[in-house]
Amino acid sequence: MAPDRAIAVRAAEPSLAARPPVALYIHVPFCVSICPYCDFVVYAGRAARGRDDQVDRFVRALANELELRADDLDASLGSPGSPSTRPPLRSVYFGGGTPSLLPARVVGRLLERVQARFGLAADAEITLEANPGRDEVGDLAGFKAAGVNRLSLGAQSMDEGELRRLGRRHCPQDVVAAVRLARRAGFSNVSVDLLYDIPGQTPARWQRTLDVVVELGVEHVSAYALTLDDLDAEGVTGISGDHLPLRSGARRWRERARLEQDEDQAADLYRIADDRLTAAAVRWYEISNWAVPGRESRHNLAYWGRLSYEALGPGAHAFDGDATRRWNAARLDAYLAALLPSDGSPPRSPPGGSESLAPDDVAGEAMILALRTRDGIPAGATADVGVASALHWAEENRLLEARSRGRLVLSLRGRLLSNELFARLV
Ligand code: SF4
């Protein structure tokens, strides 16, 4: 089933049964240094590099978690290989952190175990996130040889001043060099991540960033507004939480940066991105994502389509394709203690939590996720009076437009004001 089709079906007919995973997320929680705006589960400094780093122990723990999660799936859904029970994975995603800090042979060994325990479709999309800095970009040729076929580069900006302001280690030339290196290594599917609404950013500088990225000829661009949430206030940084507490320096940086952000300018920057990328035939397919047709991220489409995915590593989230999400706690020490017990007992699942949505919430979530995408939802997808009235409001206010095949899709205005519509759908 094509991913876009999957989104439509799941939006209209949420099911009540858990499904075998079609995708696997592997979180690698190490970076050379920590950017002040970062909300990901990341450890830097001595944990990430040097004689006493935790990388080897983490890799052994990760391998143990992979086997435990696969054992659980074998027990509940049967072994991989049988299309009716556990079809092979269509996507694997090494995210972080900076997965490109891992040796290529480690990535290769993990993929061999994924193949053995989960199965991998012959055309599976296998993505690895890399930072462009010279000491972060890693062994791109080695990753390609290990089976990675899609590279996601954390460029964020092509403006030297903006990169410094964001606390990034690389410069714009490093991004250019990393894309060239990726092409030489044989990658034909390269994505670049960008940020807008950066303090001090101007439309002209953003335009230049987009121009350079377009000239690089990458197949996929993600552009996210810089968000500066207070994770501690949101209550997600506790002992079982999936995020780490904010460091005081990062909190101060965010407080200052927030003062310089501007919603109206952010909307202008989004429009500039959409214009520039569309003109280069890199078309939007999700609110924050644009791709050359056929190069949409299969992994992320699984998220937006509410397909089932498995996940490994601190802070990683898995979803059963129905109503239940499970996450690992963010704390690396607790993760290592559970999966590499010092008393010689067998590894056990790391601490974390789970939550299940009520059926009404499943339907609402499915609709919101589907509306994020270019495929939208079928017109008349709901019998719920409240939801139908919210959709009617969105059509009247030109947030939604009717497309061919009876689909309702966000307009450009709708993408900019999507949160207003989504708030009415929950
Ligand atoms: S490089 Fe990325 S993952 Fe690492 S600290 Fe910076 S934003 Fe976070």
# chains A, B, ... in the order shown; residues from 1 in each chain; ligands from 1
>>> closest_atom_pairs(of="chain A", to="ligand 1", cutoff="7 Å", atoms="only C-alpha atoms and all ligand atoms", output="Markdown table")
| residue | atom | partner | partner_atom_place_in_ligand_line | distance |
| --- | --- | --- | --- | --- |
| A:Cys31 | CA | ligand 1 | 4 (Fe) | 4.8 |
| A:Ser33 | CA | ligand 1 | 5 (S) | 6.0 |
| A:Ile34 | CA | ligand 1 | 5 (S) | 3.7 |
| A:Cys35 | CA | ligand 1 | 6 (Fe) | 4.2 |
| A:Tyr37 | CA | ligand 1 | 7 (S) | 6.7 |
| A:Cys38 | CA | ligand 1 | 8 (Fe) | 4.3 |
| A:Asp39 | CA | ligand 1 | 8 (Fe) | 6.6 |
| A:Phe40 | CA | ligand 1 | 8 (Fe) | 5.6 |
| A:Val42 | CA | ligand 1 | 5 (S) | 6.2 |
| A:Gly96 | CA | ligand 1 | 3 (S) | 5.4 |
| A:Gly97 | CA | ligand 1 | 3 (S) | 3.8 |
| A:Thr98 | CA | ligand 1 | 4 (Fe) | 5.9 |
| A:Asn131 | CA | ligand 1 | 1 (S) | 6.6 |
| A:Gly154 | CA | ligand 1 | 2 (Fe) | 6.9 |
| A:Arg168 | CA | ligand 1 | 6 (Fe) | 6.6 |
>>> write_last_selection(atoms="all heavy atoms", output="mmCIF file, in the first residue's frame")
data_model
loop_
_atom_site.group_PDB
_atom_site.id
_atom_site.type_symbol
_atom_site.label_atom_id
_atom_site.label_comp_id
_atom_site.auth_asym_id
_atom_site.auth_seq_id
_atom_site.Cartn_x
_atom_site.Cartn_y
_atom_site.Cartn_z
ATOM 1 N N CYS A 31 26.074 13.892 21.169
ATOM 2 C CA CYS A 31 26.515 14.974 20.298
ATOM 3 C C CYS A 31 27.851 15.477 20.813
ATOM 4 O O CYS A 31 28.173 15.298 21.995
ATOM 5 C CB CYS A 31 25.508 16.128 20.306
ATOM 6 S SG CYS A 31 24.049 15.786 19.307
ATOM 7 N N SER A 33 28.644 18.637 21.138
ATOM 8 C CA SER A 33 28.257 19.664 22.115
ATOM 9 C C SER A 33 26.742 19.834 22.001
ATOM 10 O O SER A 33 26.126 19.344 21.053
ATOM 11 C CB SER A 33 28.976 20.985 21.843
ATOM 12 O OG SER A 33 28.661 21.420 20.540
ATOM 13 N N ILE A 34 26.163 20.541 22.966
ATOM 14 C CA ILE A 34 24.696 20.649 22.989
ATOM 15 C C ILE A 34 24.262 22.060 22.596
ATOM 16 O O ILE A 34 24.727 23.053 23.169
ATOM 17 C CB ILE A 34 24.147 20.273 24.374
ATOM 18 C CG1 ILE A 34 24.508 18.808 24.655
ATOM 19 C CG2 ILE A 34 22.634 20.473 24.433
ATOM 20 C CD1 ILE A 34 23.868 18.210 25.872
ATOM 21 N N CYS A 35 23.372 22.133 21.621
ATOM 22 C CA CYS A 35 22.860 23.431 21.165
ATOM 23 C C CYS A 35 21.791 23.902 22.159
ATOM 24 O O CYS A 35 20.978 23.092 22.630
ATOM 25 C CB CYS A 35 22.236 23.290 19.780
ATOM 26 S SG CYS A 35 23.297 22.413 18.618
ATOM 27 N N TYR A 37 18.998 25.353 21.963
ATOM 28 C CA TYR A 37 17.574 25.222 21.623
ATOM 29 C C TYR A 37 17.129 23.761 21.556
ATOM 30 O O TYR A 37 15.959 23.470 21.325
ATOM 31 C CB TYR A 37 17.296 25.892 20.263
ATOM 32 C CG TYR A 37 18.031 25.236 19.117
ATOM 33 C CD1 TYR A 37 17.469 24.189 18.408
ATOM 34 C CD2 TYR A 37 19.310 25.647 18.766
ATOM 35 C CE1 TYR A 37 18.155 23.578 17.369
ATOM 36 C CE2 TYR A 37 20.000 25.044 17.741
ATOM 37 C CZ TYR A 37 19.412 24.006 17.050
ATOM 38 O OH TYR A 37 20.098 23.390 16.035
ATOM 39 N N CYS A 38 18.069 22.829 21.787
ATOM 40 C CA CYS A 38 17.797 21.417 21.492
ATOM 41 C C CYS A 38 16.819 20.807 22.490
ATOM 42 O O CYS A 38 16.997 20.920 23.700
ATOM 43 C CB CYS A 38 19.100 20.627 21.517
ATOM 44 S SG CYS A 38 18.845 18.881 21.127
ATOM 45 N N ASP A 39 15.787 20.125 21.965
ATOM 46 C CA ASP A 39 14.815 19.424 22.813
ATOM 47 C C ASP A 39 15.013 17.916 22.761
ATOM 48 O O ASP A 39 14.215 17.162 23.323
ATOM 49 C CB ASP A 39 13.383 19.727 22.337
ATOM 50 C CG ASP A 39 12.917 21.097 22.804
ATOM 51 O OD1 ASP A 39 13.572 21.672 23.686
ATOM 52 O OD2 ASP A 39 11.900 21.574 22.278
ATOM 53 N N PHE A 40 16.028 17.446 22.050
ATOM 54 C CA PHE A 40 16.203 16.001 21.905
ATOM 55 C C PHE A 40 16.956 15.432 23.102
ATOM 56 O O PHE A 40 17.586 16.170 23.863
ATOM 57 C CB PHE A 40 16.960 15.687 20.615
ATOM 58 C CG PHE A 40 16.251 16.179 19.386
ATOM 59 C CD1 PHE A 40 16.826 17.147 18.582
ATOM 60 C CD2 PHE A 40 15.004 15.692 19.052
ATOM 61 C CE1 PHE A 40 16.164 17.621 17.457
ATOM 62 C CE2 PHE A 40 14.329 16.159 17.936
ATOM 63 C CZ PHE A 40 14.916 17.116 17.133
ATOM 64 N N VAL A 42 19.945 14.153 24.464
ATOM 65 C CA VAL A 42 21.331 14.232 24.004
ATOM 66 C C VAL A 42 22.280 14.331 25.185
ATOM 67 O O VAL A 42 22.014 15.062 26.142
ATOM 68 C CB VAL A 42 21.533 15.489 23.110
ATOM 69 C CG1 VAL A 42 22.991 15.639 22.723
ATOM 70 C CG2 VAL A 42 20.691 15.404 21.860
ATOM 71 N N GLY A 96 18.926 11.318 16.257
ATOM 72 C CA GLY A 96 19.673 11.645 17.470
ATOM 73 C C GLY A 96 19.332 13.019 17.984
ATOM 74 O O GLY A 96 18.288 13.576 17.654
ATOM 75 N N GLY A 97 20.350 13.545 18.687
ATOM 76 C CA GLY A 97 21.734 13.203 18.737
ATOM 77 C C GLY A 97 22.410 13.257 17.347
ATOM 78 O O GLY A 97 21.898 13.814 16.401
ATOM 79 N N THR A 98 23.562 12.686 17.314
ATOM 80 C CA THR A 98 24.350 12.680 16.076
ATOM 81 C C THR A 98 24.751 11.244 15.755
ATOM 82 O O THR A 98 25.854 10.803 16.113
ATOM 83 C CB THR A 98 25.608 13.564 16.223
ATOM 84 O OG1 THR A 98 25.241 14.848 16.754
ATOM 85 C CG2 THR A 98 26.302 13.774 14.884
ATOM 86 N N ASN A 131 25.549 15.315 11.201
ATOM 87 C CA ASN A 131 25.839 16.748 11.298
ATOM 88 C C ASN A 131 26.961 17.080 10.333
ATOM 89 O O ASN A 131 27.873 16.276 10.132
ATOM 90 C CB ASN A 131 26.227 17.118 12.729
ATOM 91 C CG ASN A 131 24.995 17.370 13.582
ATOM 92 O OD1 ASN A 131 23.921 17.632 13.050
ATOM 93 N ND2 ASN A 131 25.148 17.269 14.881
ATOM 94 N N GLY A 154 21.845 17.838 9.244
ATOM 95 C CA GLY A 154 21.370 18.911 10.120
ATOM 96 C C GLY A 154 22.056 20.221 9.785
ATOM 97 O O GLY A 154 22.914 20.690 10.535
ATOM 98 N N ARG A 168 25.743 26.222 16.799
ATOM 99 C CA ARG A 168 26.170 25.083 15.960
ATOM 100 C C ARG A 168 27.675 25.119 15.750
ATOM 101 O O ARG A 168 28.289 26.189 15.751
ATOM 102 C CB ARG A 168 25.455 25.136 14.594
ATOM 103 C CG ARG A 168 23.958 25.095 14.703
ATOM 104 C CD ARG A 168 23.436 23.823 15.276
ATOM 105 N NE ARG A 168 23.833 22.651 14.524
ATOM 106 C CZ ARG A 168 23.100 21.551 14.393
ATOM 107 N NH1 ARG A 168 21.917 21.460 14.976
ATOM 108 N NH2 ARG A 168 23.546 20.532 13.711
#
>>> residues_around(residues="Phe118 (chain A)", least_positions_apart="6", cutoff="10 Å", atoms="only C-alpha atoms", output="list in words")
Pro20, Pro21, Val22, Ala23, Leu24, Leu66, Glu67, Arg69, Ala70, Asp71, Leu73, Asp74, Ser79, Pro80, Gly81, Arg86, Pro87, Pro88, Leu89, Leu111, Glu112 and Glu310 of chain A
>>> closest_residue(among="A:Leu166, A:Leu102, A:Val236, A:Ala281", to="Val214 (chain A)", atoms="only C-alpha atoms")
A:Ala281
>>> atom_distance(atom1="CA of Arg415 (chain A)", atom2="CA of Asp230 (chain A)")
24.3 Å
>>> closest_residue(among="A:Ser152, A:Thr278, A:Ser157, A:Asn419", to="Val190 (chain A)", atoms="only C-alpha atoms")
A:Ser152
>>> closest_residue(among="A:Tyr270, A:Tyr303, A:Phe94, A:Trp327", to="Glu355 (chain A)", atoms="only C-alpha atoms")
A:Trp327
>>> select_by_dssp(residues="region 90-332 of chain A", states="strand (DSSP E or B)", output="VMD selection string")
chain A and resid 90 to 96 120 to 130 150 to 156 190 to 196 220 to 225 283 to 286 289 to 291 309 to 312 317 to 319 324 to 328
>>> closest_residue(among="A:Gly414, A:Gly249, A:Pro99, A:Gly352", to="Val137 (chain A)", atoms="only C-alpha atoms")
A:Pro99
>>> select_by_dssp(residues="region 227-371 of chain A", states="alpha helix (DSSP H)", output="JSON, numbers by chain")
{"A": [231, 232, 233, 234, 248, 249, 250, 251, 252, 253, 254, 255, 256, 257, 258, 259, 260, 263, 264, 265, 266, 267, 268, 269, 270, 271, 272, 273, 274, 275, 276, 277, 278, 279, 298, 299, 300, 301, 302, 303, 304, 332, 333, 334, 335, 336, 337, 338, 339, 359, 360, 361, 362, 363, 364, 365, 366, 367, 368, 369, 370, 371]}
>>> residues_around(residues="Ala338 (chain A)", least_positions_apart="6", cutoff="7 Å", atoms="only C-alpha atoms", output="PyMOL selection string")
chain A and resi 347-350
>>> residues_around(residues="Glu65 (chain A)", least_positions_apart="4", cutoff="12 Å", atoms="only C-alpha atoms", output="NGL selection string")
:A and (26-27 or 58-61 or 69-72 or 110 or 113-114 or 117 or 310-314 or 316 or 328 or 335-340 or 346-351)
>>> atom_distance(atom1="CA of Arg57 (chain A)", atom2="CA of Arg109 (chain A)")
14.9 Å
>>> atom_distance(atom1="CA of Pro245 (chain A)", atom2="CA of Gly353 (chain A)")
17.2 Å
>>> residues_around(residues="Asp275 (chain A)", least_positions_apart="5", cutoff="12 Å", atoms="only C-alpha atoms", output="list in words")
Gln207, Leu210, Asp211, Val214, Asp268, Leu269, Tyr270, Ala280, Ala281, Val282, Arg283, Trp284, Trp290 and Leu412 of chain A
>>> closest_residue(among="A:Thr237, A:Thr373, A:Thr324, A:Ser191", to="Val292 (chain A)", atoms="only C-alpha atoms")
A:Ser191
>>> residues_around(residues="Gly406 (chain A)", least_positions_apart="3", cutoff="8 Å", atoms="only C-alpha atoms", output="list in words")
Pro378, Ala379, Ala402 and Arg403 of chain A
>>> closest_residue(among="A:Val218, A:Val385, A:Val32, A:Ala141", to="Gly186 (chain A)", atoms="only C-alpha atoms")
A:Ala141
